[in-house]
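Asker: Take a look at this one; I'll ask things after.
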Amino acid sequence: MFMNKKYMPNSKRRGPSPFAAFVKKEARHIVRDRRTMLILFGMPVVLMLLFGFAITNDVKNVRTVVVTSQTDHLTQRAIDRLAASEYFIITATAGTPHEAEQLIRNQKADLAVVFSRDFASKKSGLQLIVDASDPNMAQQWTSYATGTLADSDGSPINTKLLYNPRMKSSYNFVPAIMGMLLMLVCAMMTSISIVREKEKGTMEVLLVSPVRPLMIIVAKAVPYLVLALAILVCILLMARFVLGVPLMGSIVWIFIVSAIYILLALSLGLLISNIASSQLMALLLSAMVLLMPIVMLSGMLFPIESMPVVLQWVSAVMPPRYYIEAMRKLMIMGVGIGEVAREVAVLSLMTAVLLAVSLAKFKTRLE
């Protein structure tokens with residue numbers, strides 16, 4: 001008699017490996033949670049639109065007051081240059097600097113250009129009165145006005161702007177958003193996922209399974225790695241086709257550097273999960289350790305060179321700083337991998353250290 005092959009003990013038919021089963025289980029858990037999926041894919045879209053269109057430090061439509069006692073050919077030419085510029089709007093004229101200053105105090109103007117009586121004869125005697133309540137914007141307004149009025153005799157000014165000729169702030173924000181989102185998604189969501197298993201008491205069940213504890217952690221991290229890469233693709237597509245940010249460098253190197261950064265974020269999430277005892281604590285630790293330092297100290301919004309020396313030292317240990325610098329060079333400047341070797345080396349070293357510490361601490365807690 002012959003036995004059916006599916007009942008033969010030596011049958012080659014095998015089910016999925018335990019590791020693949022754990023990956024599939026975690027992926028299903030993430031996909032079924034609609035709120036999590038909305039956050040993961042909704043947050044990049046919202047942030048890209050906000051920083052690309054709404055939150056911008058571009059100089060546009062600066063309300064300008066012209067102060068002149070007489071209008072000669074040189075003064076008129078300078079005024080015409082201001083009016084023709086896309087940065088300034090001449091909203092009023094005033095007879096004295098005091099009147100112009102009063103308009104600024106009444107929030108009816110942002111900047112005043114004061115021409116002296118002998119401006120045409122001496123080709124000098126130009127003063128700018130600026131609303132400096134926002135010092136960063138005041139500095140930009142002053143620089144743009146100085147550049148526009150620098151050559152009022154009509155000869156052209158030869159200015160060449162490298163990498164960002166239209167001075168769009170989205171060129172600066174897109175790499176920063178990539179660094180923030182990838183870190184938050186990988187580190188925060190991974191730490192919360194592991195702590196959730198501890199709270200439910202299912203982590204002990206997983207640890208006594210035939211799969212090694214390290215494989216369990218890797219299996220829980222794999223879906224977030226895939227999600228992070230999907231989010232990266234989403235950001236790059238929006239940057240290119242919605243915000244008009246060019247991708248000058250190699251896409252391959254952008255993904256390789258991003259993969260190193262994602263592994264670093266996953267290692268940090270594992271470390272946070274070792275410290276936190278609840279999902280709320282993991283969320284608070286992630287917010288304190290990740291969100292605020294990323295925004296304030298990574299160079300995302302403020303130049304690192306302008307920070308106090310102590311904060312520059314703190315910024316030196318922030319992984320997003322090096323990733324954002326690398327992405328700006330690869331995406332905007334179009335350099336090769338050799339030009340970002342320092343940033344890649346620092347990120348790789350941080351990844352190795354964080355992964356070693358996280359795994360060592362995880363094994364200690366298991367014991």
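Residue numbering restarts at 1 in every chain; chains get A, B, ... in the order shown in the structure tokens, and ligands count up from 1 in that same order.
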At a cut-off of 9 Å, using only C-alpha atoms, what residues contact A:Gln70? Leave out same-chain residues fewer than 3 positions from it and give the result as a list of chain:residue names.
Answerer: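 So the residues in contact are A:Thr75, A:Phe115, A:Ser116, A:Arg117.
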Asker: Within 8 Å of A:Trp141, counting only C-alpha atoms, which residues show up once you throw out same-chain ones fewer than 3 positions away? Write them as an mmCIF file with all heavy atoms, in the first residue's frame, please.
Answerer:
data_model
loop_
_atom_site.group_PDB
_atom_site.id
_atom_site.type_symbol
_atom_site.label_atom_id
_atom_site.label_comp_id
_atom_site.auth_asym_id
_atom_site.auth_seq_id
_atom_site.Cartn_x
_atom_site.Cartn_y
_atom_site.Cartn_z
ATOM 1 N N VAL A 59 11.929 85.438 1.659
ATOM 2 C CA VAL A 59 11.660 86.876 1.704
ATOM 3 C C VAL A 59 10.726 87.218 0.559
ATOM 4 O O VAL A 59 11.083 87.100 -0.617
ATOM 5 C CB VAL A 59 12.971 87.672 1.600
ATOM 6 C CG1 VAL A 59 12.669 89.164 1.513
ATOM 7 C CG2 VAL A 59 13.866 87.374 2.786
ATOM 8 N N VAL A 62 7.772 92.281 1.282
ATOM 9 C CA VAL A 62 8.166 93.114 2.422
ATOM 10 C C VAL A 62 7.588 94.516 2.215
ATOM 11 O O VAL A 62 7.890 95.196 1.219
ATOM 12 C CB VAL A 62 9.697 93.176 2.548
ATOM 13 C CG1 VAL A 62 10.091 94.021 3.757
ATOM 14 C CG2 VAL A 62 10.276 91.770 2.663
ATOM 15 N N LEU A 111 9.876 97.869 6.550
ATOM 16 C CA LEU A 111 11.195 98.422 6.254
ATOM 17 C C LEU A 111 11.023 99.794 5.630
ATOM 18 O O LEU A 111 10.055 100.035 4.895
ATOM 19 C CB LEU A 111 11.948 97.485 5.302
ATOM 20 C CG LEU A 111 13.334 97.881 4.807
ATOM 21 C CD1 LEU A 111 14.217 96.645 4.705
ATOM 22 C CD2 LEU A 111 13.245 98.541 3.419
ATOM 23 N N VAL A 130 14.564 99.189 9.891
ATOM 24 C CA VAL A 130 13.999 97.850 9.777
ATOM 25 C C VAL A 130 13.312 97.469 11.080
ATOM 26 O O VAL A 130 13.802 97.768 12.179
ATOM 27 C CB VAL A 130 15.093 96.811 9.450
ATOM 28 C CG1 VAL A 130 14.477 95.438 9.164
ATOM 29 C CG2 VAL A 130 15.933 97.267 8.270
ATOM 30 N N MET A 137 14.534 87.543 10.335
ATOM 31 C CA MET A 137 13.903 88.125 9.159
ATOM 32 C C MET A 137 14.453 89.520 8.890
ATOM 33 O O MET A 137 14.631 89.916 7.726
ATOM 34 C CB MET A 137 12.385 88.182 9.349
ATOM 35 C CG MET A 137 11.707 86.828 9.417
ATOM 36 S SD MET A 137 12.089 85.768 8.005
ATOM 37 C CE MET A 137 11.436 86.726 6.646
ATOM 38 N N ALA A 138 14.726 90.283 9.951
ATOM 39 C CA ALA A 138 15.278 91.623 9.766
ATOM 40 C C ALA A 138 16.627 91.561 9.055
ATOM 41 O O ALA A 138 16.931 92.388 8.179
ATOM 42 C CB ALA A 138 15.422 92.319 11.123
ATOM 43 N N TYR A 144 18.690 91.621 1.533
ATOM 44 C CA TYR A 144 18.032 91.715 0.230
ATOM 45 C C TYR A 144 17.936 93.166 -0.230
ATOM 46 O O TYR A 144 18.137 93.470 -1.411
ATOM 47 C CB TYR A 144 16.639 91.083 0.297
ATOM 48 C CG TYR A 144 16.628 89.583 0.151
ATOM 49 C CD1 TYR A 144 17.228 88.773 1.109
ATOM 50 C CD2 TYR A 144 16.030 88.974 -0.930
ATOM 51 C CE1 TYR A 144 17.222 87.393 0.987
ATOM 52 C CE2 TYR A 144 16.015 87.587 -1.059
ATOM 53 C CZ TYR A 144 16.615 86.809 -0.100
ATOM 54 O OH TYR A 144 16.616 85.450 -0.232
ATOM 55 N N ALA A 145 17.597 94.076 0.695
ATOM 56 C CA ALA A 145 17.491 95.483 0.318
ATOM 57 C C ALA A 145 18.849 96.051 -0.069
ATOM 58 O O ALA A 145 18.964 96.807 -1.037
ATOM 59 C CB ALA A 145 16.887 96.284 1.474
#
Asker: Do a neighbour search on A:Leu128 at 8 Å with only C-alpha atoms, toss out local chain neighbours closer than 6 positions, and write the hits as a list in words.
Answerer: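 Listed by chain and then number, they are Leu111, Ala112, Val113, Val114 and Thr142 of chain A.
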Asker: Return the single residue from A:Leu49, A:Gln102, A:Arg342, A:Ala219 that is closest to A:Ser17, with distances computed using only C-alpha atoms.
Answerer: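 Answer, going by the shortest atom-to-atom distance: A:Ala219.
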Asker: Using only C-alpha atoms, can you tell me which of A:Pro246, A:Ile262, A:Tyr171, A:Ala94 comes closest to A:Val222?
Answerer: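 Of A:Pro246, A:Ile262, A:Tyr171, A:Ala94, the one nearest A:Val222, counting only C-alpha atoms, is A:Ile262.
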Asker: Using only C-alpha atoms for the distances, tell me which of A:Met189, A:Ile304, A:Leu330, A:Leu229 is nearest to A:Met37.
Answerer: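 Counting only C-alpha atoms, the residue closest to A:Met37 is A:Met189.
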Asker: Applying 7 Å and only C-alpha atoms, which residues near stretch 223-225 of chain A remain after dropping the ones on its own chain fewer than 5 positions away? List them as a PyMOL selection string.
Answerer: chain A and resi 23+26-27+186+262
Asker: Based on the backbone DSSP call, show me all residues of stretch 166-275 of chain A assigned alpha helix (DSSP H), as JSON, numbers by chain.
Answerer: {"A": [170, 171, 172, 173, 174, 175, 176, 177, 178, 179, 180, 181, 182, 183, 189, 190, 191, 192, 193, 194, 195, 196, 197, 198, 199, 200, 202, 203, 204, 205, 206, 207, 213, 214, 215, 216, 217, 218, 219, 220, 221, 222, 223, 224, 225, 226, 227, 228, 229, 230, 231, 232, 233, 234, 235, 236, 237, 238, 239, 240, 241, 251, 252, 253, 254, 255, 256, 257, 258, 259, 260, 261, 262, 263, 264, 265, 266, 267, 268, 269, 270, 271, 272, 273, 274, 275]}
Asker: Which residues, written as a short mmCIF file (atom, residue, chain, number, x, y, z; two decimals) with N, CA, C and O atoms, in the first residue's frame, have at least one atom at most 12 Å from stretch 280-286 of chain A, with only C-alpha atoms counted and residues fewer than 2 positions away on the same chain left out?
Answerer:
data_model
loop_
_atom_site.label_atom_id
_atom_site.label_comp_id
_atom_site.auth_asym_id
_atom_site.auth_seq_id
_atom_site.Cartn_x
_atom_site.Cartn_y
_atom_site.Cartn_z
N MET A 183 13.54 59.16 12.02
CA MET A 183 13.92 58.91 13.41
C MET A 183 12.70 58.65 14.28
O MET A 183 12.67 57.70 15.08
N LEU A 184 11.67 59.46 14.13
CA LEU A 184 10.47 59.29 14.96
C LEU A 184 9.75 57.98 14.65
O LEU A 184 9.35 57.25 15.56
N VAL A 185 9.60 57.67 13.37
CA VAL A 185 8.88 56.45 13.00
C VAL A 185 9.61 55.21 13.50
O VAL A 185 9.02 54.33 14.13
N CYS A 186 10.91 55.15 13.25
CA CYS A 186 11.66 53.95 13.60
C CYS A 186 11.87 53.82 15.10
O CYS A 186 11.61 52.76 15.69
N ALA A 187 12.35 54.89 15.73
CA ALA A 187 12.68 54.79 17.15
C ALA A 187 11.42 54.76 18.02
O ALA A 187 11.27 53.89 18.88
N MET A 188 10.52 55.70 17.80
CA MET A 188 9.34 55.79 18.66
C MET A 188 8.42 54.60 18.49
O MET A 188 8.01 53.96 19.47
N MET A 189 8.10 54.25 17.26
CA MET A 189 7.16 53.16 17.03
C MET A 189 7.75 51.82 17.45
O MET A 189 7.04 50.95 17.96
N THR A 190 9.05 51.61 17.25
CA THR A 190 9.68 50.35 17.67
C THR A 190 9.67 50.22 19.17
O THR A 190 9.35 49.15 19.72
N SER A 191 10.03 51.28 19.89
CA SER A 191 10.05 51.21 21.34
C SER A 191 8.65 50.96 21.91
O SER A 191 8.48 50.14 22.81
N ILE A 192 7.65 51.63 21.35
CA ILE A 192 6.28 51.43 21.83
C ILE A 192 5.81 50.01 21.54
O ILE A 192 5.12 49.39 22.36
N SER A 193 6.19 49.47 20.38
CA SER A 193 5.77 48.11 20.02
C SER A 193 6.31 47.08 20.99
O SER A 193 5.59 46.18 21.42
N ILE A 194 7.57 47.21 21.37
CA ILE A 194 8.16 46.23 22.29
C ILE A 194 7.59 46.40 23.69
O ILE A 194 7.30 45.41 24.38
N VAL A 195 7.42 47.64 24.13
CA VAL A 195 6.86 47.87 25.46
C VAL A 195 5.42 47.38 25.53
O VAL A 195 4.97 46.88 26.58
N ARG A 196 4.68 47.49 24.43
CA ARG A 196 3.31 46.99 24.40
C ARG A 196 3.27 45.49 24.69
O ARG A 196 2.39 45.00 25.40
N LYS A 198 5.40 43.89 26.49
CA LYS A 198 5.68 43.72 27.92
C LYS A 198 4.44 43.98 28.76
O LYS A 198 4.15 43.26 29.72
N GLU A 199 3.71 45.04 28.42
CA GLU A 199 2.51 45.37 29.20
C GLU A 199 1.45 44.27 29.10
O GLU A 199 0.78 43.95 30.09
N ALA A 265 18.20 54.43 14.06
CA ALA A 265 16.95 54.78 14.75
C ALA A 265 16.31 53.54 15.39
O ALA A 265 15.77 53.61 16.50
N LEU A 268 18.13 52.78 18.54
CA LEU A 268 17.74 53.72 19.59
C LEU A 268 16.36 53.36 20.15
O LEU A 268 16.12 53.47 21.36
N GLY A 269 15.44 52.92 19.29
CA GLY A 269 14.14 52.48 19.76
C GLY A 269 14.24 51.28 20.67
O GLY A 269 13.52 51.18 21.68
N LEU A 270 15.12 50.36 20.35
CA LEU A 270 15.34 49.19 21.21
C LEU A 270 15.89 49.62 22.56
O LEU A 270 15.48 49.10 23.61
N LEU A 271 16.80 50.59 22.56
CA LEU A 271 17.36 51.07 23.82
C LEU A 271 16.29 51.73 24.67
O LEU A 271 16.24 51.54 25.90
N ILE A 272 15.42 52.53 24.06
CA ILE A 272 14.34 53.17 24.81
C ILE A 272 13.39 52.12 25.38
O ILE A 272 12.91 52.24 26.51
N SER A 273 13.13 51.07 24.63
CA SER A 273 12.23 50.01 25.12
C SER A 273 12.81 49.29 26.33
O SER A 273 12.08 48.76 27.16
N ASN A 274 14.14 49.25 26.45
CA ASN A 274 14.77 48.63 27.61
C ASN A 274 14.60 49.48 28.86
O ASN A 274 14.56 48.96 29.98
N ILE A 275 14.51 50.79 28.67
CA ILE A 275 14.41 51.71 29.81
C ILE A 275 12.96 51.90 30.23
O ILE A 275 12.65 51.93 31.42
N ALA A 276 12.06 52.02 29.25
CA ALA A 276 10.66 52.32 29.54
C ALA A 276 9.94 51.09 30.07
O ALA A 276 10.17 49.97 29.63
N SER A 277 9.03 51.34 31.02
CA SER A 277 8.22 50.26 31.58
C SER A 277 6.78 50.29 31.09
O SER A 277 6.01 49.39 31.37
N SER A 278 6.40 51.35 30.38
CA SER A 278 5.04 51.48 29.86
C SER A 278 5.10 52.23 28.53
O SER A 278 6.09 52.89 28.21
N MET A 288 11.16 63.47 24.52
CA MET A 288 12.22 64.27 25.15
C MET A 288 13.57 64.00 24.51
O MET A 288 14.37 64.91 24.31
N VAL A 289 13.84 62.74 24.19
CA VAL A 289 15.15 62.38 23.66
C VAL A 289 15.26 62.67 22.17
O VAL A 289 16.34 62.97 21.67
N LEU A 290 14.13 62.59 21.46
CA LEU A 290 14.18 62.67 20.00
C LEU A 290 13.60 63.96 19.45
O LEU A 290 14.28 64.70 18.73
N LEU A 291 12.32 64.24 19.75
CA LEU A 291 11.61 65.29 19.03
C LEU A 291 12.23 66.67 19.23
O LEU A 291 12.62 67.34 18.27
N MET A 292 12.33 67.11 20.48
CA MET A 292 12.84 68.46 20.72
C MET A 292 14.29 68.63 20.30
O MET A 292 14.64 69.62 19.64
N PRO A 293 15.20 67.68 20.63
CA PRO A 293 16.58 67.85 20.14
C PRO A 293 16.69 67.86 18.63
O PRO A 293 17.49 68.59 18.06
N ILE A 294 15.85 67.05 17.95
CA ILE A 294 15.90 67.03 16.49
C ILE A 294 15.53 68.40 15.94
O ILE A 294 16.20 68.94 15.06
#
Asker: Which residues come within 12 Å of A:Arg63, counting only C-alpha atoms, excluding same-chain residues fewer than 3 positions away, as a PyMOL selection string?
Answerer: chain A and resi 59-60+66+82-83+86-93+100+103-104+107-113+129-131+141+145
Asker: If you measure from atom CA of A:Met300 to atom CA of A:Phe41, what distance in Å do you get, rounded to one decimal?
Answerer: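 Distance between the two atoms: 20.8 Å.
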Asker: What is the distance, in Å and to one decimal place, between atom CA of A:Ile337 and atom CA of A:Ile256?
Answerer: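 Result for atom CA of A:Ile337 versus atom CA of A:Ile256: 10.2 Å, one decimal.
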Asker: Between atom CA of A:Ile79 and atom CA of A:Gln139, what distance in Å does the model show, to one decimal?
Answerer: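 Atom-to-atom, atom CA of A:Ile79 to atom CA of A:Gln139, that is 20.5 Å.
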Asker: Residues at most 9 Å from A:Gly336, counting only C-alpha atoms, excluding those fewer than 4 positions away in the same chain, as a list of chain:residue names?
Answerer: A:Gly249, A:Ser250, A:Trp253, A:Lys329, A:Leu330, A:Val340
Asker: Those residues you just picked out, can you put them in a file as a PDB file, in the first residue's frame with N, CA, C and O atoms?
Answerer:
ATOM      1  N   GLY A 249      21.780  64.236  -6.568  1.00  0.00           N
ATOM      2  CA  GLY A 249      22.713  63.160  -6.301  1.00  0.00           C
ATOM      3  C   GLY A 249      22.177  61.799  -6.692  1.00  0.00           C
ATOM      4  O   GLY A 249      21.081  61.663  -7.240  1.00  0.00           O
ATOM      5  N   SER A 250      22.962  60.786  -6.377  1.00  0.00           N
ATOM      6  CA  SER A 250      22.608  59.408  -6.709  1.00  0.00           C
ATOM      7  C   SER A 250      21.488  58.913  -5.786  1.00  0.00           C
ATOM      8  O   SER A 250      21.613  58.992  -4.555  1.00  0.00           O
ATOM      9  N   TRP A 253      22.786  56.082  -3.437  1.00  0.00           N
ATOM     10  CA  TRP A 253      23.488  56.506  -2.222  1.00  0.00           C
ATOM     11  C   TRP A 253      22.536  57.149  -1.227  1.00  0.00           C
ATOM     12  O   TRP A 253      22.735  57.040  -0.014  1.00  0.00           O
ATOM     13  N   LYS A 329      23.694  67.561   1.045  1.00  0.00           N
ATOM     14  CA  LYS A 329      24.781  67.484   0.074  1.00  0.00           C
ATOM     15  C   LYS A 329      24.430  66.568  -1.085  1.00  0.00           C
ATOM     16  O   LYS A 329      24.691  66.886  -2.248  1.00  0.00           O
ATOM     17  N   LEU A 330      23.824  65.409  -0.779  1.00  0.00           N
ATOM     18  CA  LEU A 330      23.502  64.450  -1.827  1.00  0.00           C
ATOM     19  C   LEU A 330      22.347  64.933  -2.703  1.00  0.00           C
ATOM     20  O   LEU A 330      22.403  64.827  -3.936  1.00  0.00           O
ATOM     21  N   VAL A 340      30.493  63.009   1.514  1.00  0.00           N
ATOM     22  CA  VAL A 340      29.717  62.801   2.747  1.00  0.00           C
ATOM     23  C   VAL A 340      30.296  61.640   3.550  1.00  0.00           C
ATOM     24  O   VAL A 340      29.609  61.066   4.386  1.00  0.00           O
TER      25      VAL A 340
END
